[in-house]
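Chemist: Quick one: the structure is below, and I'll ask about it shortly.
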Amino acid sequence: MDSFNALVLSLPTRNSTLRMRLWRALKESGCGVLRDGVYVLPEADTNGALGKLEAEIRSHGGFAMTLQVKPRSSAQMDELRKLFDRGNQYAALAPRVREAKGSLARLGARRAQTAIRRLERAFQRLSAIDFFAGEAKSQLAAALADLKAAYASMYSGGEPRFSKRALRPHERVRFQKRVWATRKDLWVDRLASAWLIKRFIDREAKFVWISRPSECPKKALGFDYDGADFTHVKKLVTFEVLLTSFGLDADPALMDIARAVHFLDVGGIPVADAKGLETVLRGAKEKARSDDALLSEAMRTFDHFYSAYRSQKGSS
């Protein structure tokens, strides 16, 4: 039978700052309130949270003790599990998800994406303290998936599917001073691909951002959408296809970037630097007011990553 840890505490009466900090910490850790001054967490999910709070309370002159609580019956177990019921919290998020879905067209691509990310973060925070997840979590996860699918249908034109066509080598000299087109609302693979094009393939490249493939200008080279000149092929994402097609895959620093881009775009083998790259690009995306501005920031980011990887290879 599952066991729990309990924090029994009594705080100094005049330390309001400690009370507020403790209240926030207990809430963020997902503690259940057994009674006033007694807080519990499933033993396997505490990560030392209660022990740290105990030490802090004692350092400020309060009383605190952490104990193990083991229910003696299934009825007691049920009572303890009820303390961690997150149903009402999921229910509070559900109307926000429905409202966001109904407002997609009015909000526009960028504001809608920001709203979706906020909802996803709220869901993730709640999931982290949902120790006995049930139907409420599954229902909200499904609602969020529907919201993201509706956004993709309205704004992104859909992620490209993997083509089975063979890759052909191309000479960079034949791809100069061209117009390159991809789906608007840029993200990792498209940002990395645009950077690669501008830095290594066509230094005078011009870019246009389209809502759907049918909007691609006649003489433009398309990338990262179904039917584009350069898009996902077999197991390669667009960045990797461009690397291979233009003979750039012999550059170890570019291949390091490719592994991170692949992981962030379609998953697979985890890459140590991928999370950092995603965080920097996400910050740039939140700040940028247009895809042109976002690409400008991303160009510097990928320049930095490329320089760092080259330096590492040179010193190894």
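By order of appearance in the structure tokens: chains A, B, ..., then residues from 1 within every chain, and ligands from 1 in the order shown.
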Kindly assemble as a Markdown table a list of the region 173-245 of chain A residues that lie within 10 Å of region 267-286 of chain A, each paired with its nearest atom pair and their distance in Å to one decimal, using only C-alpha atoms, sorted first by chain and then by ascending residue number.

Modeler:
```
| residue | atom | partner | partner_atom | distance |
| --- | --- | --- | --- | --- |
| A:Asp185 | CA | A:Lys285 | CA | 9.2 |
| A:Leu186 | CA | A:Lys285 | CA | 8.6 |
| A:Trp187 | CA | A:Leu281 | CA | 8.2 |
| A:Val188 | CA | A:Glu278 | CA | 7.6 |
| A:Leu191 | CA | A:Leu281 | CA | 9.1 |
```

Chemist: Excluding same-chain residues fewer than 4 positions from Gln76 (chain A), what lies within 12 Å of it counting only C-alpha atoms, as a VMD selection string?

Modeler: chain A and resid 1 to 4 34 69 to 72 80 to 83

Chemist: Between CA of Gly134 (chain A) and CA of Arg121 (chain A), what is the distance in Å, rounded to a tenth?

Modeler: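 Going from CA of Gly134 (chain A) over to CA of Arg121 (chain A) covers 19.0 Å.
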
Chemist: Would you give me, as a list in words, the residues in region 55-169 of chain A that DSSP reads as strand (DSSP E or B)?

Modeler: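 Secondary structure check on region 55-169 of chain A, strand (DSSP E or B): Phe63, Ala64, Met65, Thr66, Leu67, Gln68, Val69 and Ser163 of chain A.
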
Chemist: For the selection you just gave me, I'd like the residues written to a file as a short mmCIF file (atom, residue, chain, number, x, y, z; two decimals), in the first residue's frame, keeping N, CA, C and O atoms.

Modeler:
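Resulting contents of again_30.cif:
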```cif
data_model
loop_
_atom_site.label_atom_id
_atom_site.label_comp_id
_atom_site.auth_asym_id
_atom_site.auth_seq_id
_atom_site.Cartn_x
_atom_site.Cartn_y
_atom_site.Cartn_z
N PHE A 63 8.40 25.33 14.73
CA PHE A 63 8.45 23.88 14.95
C PHE A 63 8.07 23.18 13.66
O PHE A 63 7.10 23.55 12.99
N ALA A 64 8.82 22.15 13.30
CA ALA A 64 8.49 21.36 12.11
C ALA A 64 9.06 19.96 12.28
O ALA A 64 10.16 19.77 12.79
N MET A 65 8.29 18.99 11.83
CA MET A 65 8.73 17.59 11.89
C MET A 65 8.13 16.84 10.71
O MET A 65 6.94 16.98 10.41
N THR A 66 8.96 16.06 10.03
CA THR A 66 8.49 15.26 8.91
C THR A 66 8.31 13.82 9.36
O THR A 66 9.23 13.23 9.95
N LEU A 67 7.15 13.25 9.10
CA LEU A 67 6.83 11.89 9.53
C LEU A 67 6.36 11.06 8.35
O LEU A 67 5.88 11.60 7.34
N GLN A 68 6.50 9.77 8.47
CA GLN A 68 5.95 8.87 7.46
C GLN A 68 4.55 8.45 7.89
O GLN A 68 4.31 8.11 9.05
N VAL A 69 3.62 8.50 6.95
CA VAL A 69 2.23 8.11 7.21
C VAL A 69 1.88 6.96 6.28
O VAL A 69 2.01 7.07 5.06
N SER A 163 8.46 12.43 -47.16
CA SER A 163 8.41 11.94 -48.53
C SER A 163 9.34 10.74 -48.69
O SER A 163 10.32 10.60 -47.95
#
```

Chemist: Excluding Leu236 (chain A) and its own-chain neighbours fewer than 6 positions away, which residues fall within 10 Å of it when counting only C-alpha atoms? Please give them as a PyMOL selection string.

Modeler: chain A and resi 162-163+242+244+258+262+266

Chemist: Keeping only all heavy atoms, write the selected residues to a file as a PDB file, in the first residue's frame.

Modeler:
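Heads up, here's the output in part.pdb:
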```
ATOM      1  N   PHE A 162       6.675  12.954 -44.275  1.00  0.00           N
ATOM      2  CA  PHE A 162       7.948  12.465 -44.794  1.00  0.00           C
ATOM      3  C   PHE A 162       7.751  11.872 -46.185  1.00  0.00           C
ATOM      4  O   PHE A 162       6.967  10.944 -46.376  1.00  0.00           O
ATOM      5  CB  PHE A 162       8.546  11.423 -43.851  1.00  0.00           C
ATOM      6  CG  PHE A 162       9.141  12.028 -42.609  1.00  0.00           C
ATOM      7  CD1 PHE A 162       8.402  12.129 -41.445  1.00  0.00           C
ATOM      8  CD2 PHE A 162      10.436  12.513 -42.618  1.00  0.00           C
ATOM      9  CE1 PHE A 162       8.943  12.695 -40.298  1.00  0.00           C
ATOM     10  CE2 PHE A 162      10.998  13.081 -41.480  1.00  0.00           C
ATOM     11  CZ  PHE A 162      10.240  13.172 -40.322  1.00  0.00           C
ATOM     12  N   SER A 163       8.456  12.428 -47.160  1.00  0.00           N
ATOM     13  CA  SER A 163       8.410  11.940 -48.531  1.00  0.00           C
ATOM     14  C   SER A 163       9.340  10.737 -48.688  1.00  0.00           C
ATOM     15  O   SER A 163      10.315  10.596 -47.949  1.00  0.00           O
ATOM     16  CB  SER A 163       8.839  13.058 -49.493  1.00  0.00           C
ATOM     17  OG  SER A 163       9.099  12.537 -50.777  1.00  0.00           O
ATOM     18  N   LEU A 242      18.444  19.753 -46.641  1.00  0.00           N
ATOM     19  CA  LEU A 242      19.254  20.809 -47.252  1.00  0.00           C
ATOM     20  C   LEU A 242      20.744  20.527 -47.063  1.00  0.00           C
ATOM     21  O   LEU A 242      21.549  20.705 -47.994  1.00  0.00           O
ATOM     22  CB  LEU A 242      18.897  22.161 -46.638  1.00  0.00           C
ATOM     23  CG  LEU A 242      17.560  22.760 -47.071  1.00  0.00           C
ATOM     24  CD1 LEU A 242      17.137  23.877 -46.112  1.00  0.00           C
ATOM     25  CD2 LEU A 242      17.632  23.293 -48.496  1.00  0.00           C
ATOM     26  N   THR A 244      22.261  17.637 -46.772  1.00  0.00           N
ATOM     27  CA  THR A 244      22.655  16.542 -47.649  1.00  0.00           C
ATOM     28  C   THR A 244      22.624  16.958 -49.114  1.00  0.00           C
ATOM     29  O   THR A 244      23.551  16.664 -49.877  1.00  0.00           O
ATOM     30  CB  THR A 244      21.724  15.335 -47.426  1.00  0.00           C
ATOM     31  OG1 THR A 244      21.748  14.970 -46.036  1.00  0.00           O
ATOM     32  CG2 THR A 244      22.159  14.147 -48.266  1.00  0.00           C
ATOM     33  N   ALA A 258      22.158  19.943 -36.683  1.00  0.00           N
ATOM     34  CA  ALA A 258      21.143  19.098 -37.311  1.00  0.00           C
ATOM     35  C   ALA A 258      20.529  18.124 -36.313  1.00  0.00           C
ATOM     36  O   ALA A 258      19.315  17.893 -36.322  1.00  0.00           O
ATOM     37  CB  ALA A 258      21.752  18.332 -38.486  1.00  0.00           C
ATOM     38  N   HIS A 262      16.618  18.123 -35.459  1.00  0.00           N
ATOM     39  CA  HIS A 262      15.835  16.901 -35.691  1.00  0.00           C
ATOM     40  C   HIS A 262      15.063  16.526 -34.427  1.00  0.00           C
ATOM     41  O   HIS A 262      13.854  16.244 -34.486  1.00  0.00           O
ATOM     42  CB  HIS A 262      16.765  15.756 -36.091  1.00  0.00           C
ATOM     43  CG  HIS A 262      16.038  14.482 -36.408  1.00  0.00           C
ATOM     44  ND1 HIS A 262      15.815  14.040 -37.690  1.00  0.00           N
ATOM     45  CD2 HIS A 262      15.445  13.560 -35.599  1.00  0.00           C
ATOM     46  CE1 HIS A 262      15.139  12.900 -37.656  1.00  0.00           C
ATOM     47  NE2 HIS A 262      14.906  12.602 -36.386  1.00  0.00           N
ATOM     48  N   VAL A 266      10.980  16.507 -34.607  1.00  0.00           N
ATOM     49  CA  VAL A 266      10.238  15.245 -34.700  1.00  0.00           C
ATOM     50  C   VAL A 266      10.560  14.263 -33.590  1.00  0.00           C
ATOM     51  O   VAL A 266      10.057  13.146 -33.577  1.00  0.00           O
ATOM     52  CB  VAL A 266      10.478  14.569 -36.075  1.00  0.00           C
ATOM     53  CG1 VAL A 266       9.930  15.420 -37.193  1.00  0.00           C
ATOM     54  CG2 VAL A 266      11.962  14.264 -36.300  1.00  0.00           C
TER      55      VAL A 266
END
```

Chemist: Could you check how far CA of Gln176 (chain A) sits from CA of Phe200 (chain A), in Å to one decimal?

Modeler: 10.8 Å

Chemist: CA of Phe84 (chain A) and CA of Ile129 (chain A), how far apart in Å?

Modeler: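 These two atoms are separated by 8.3 Å.
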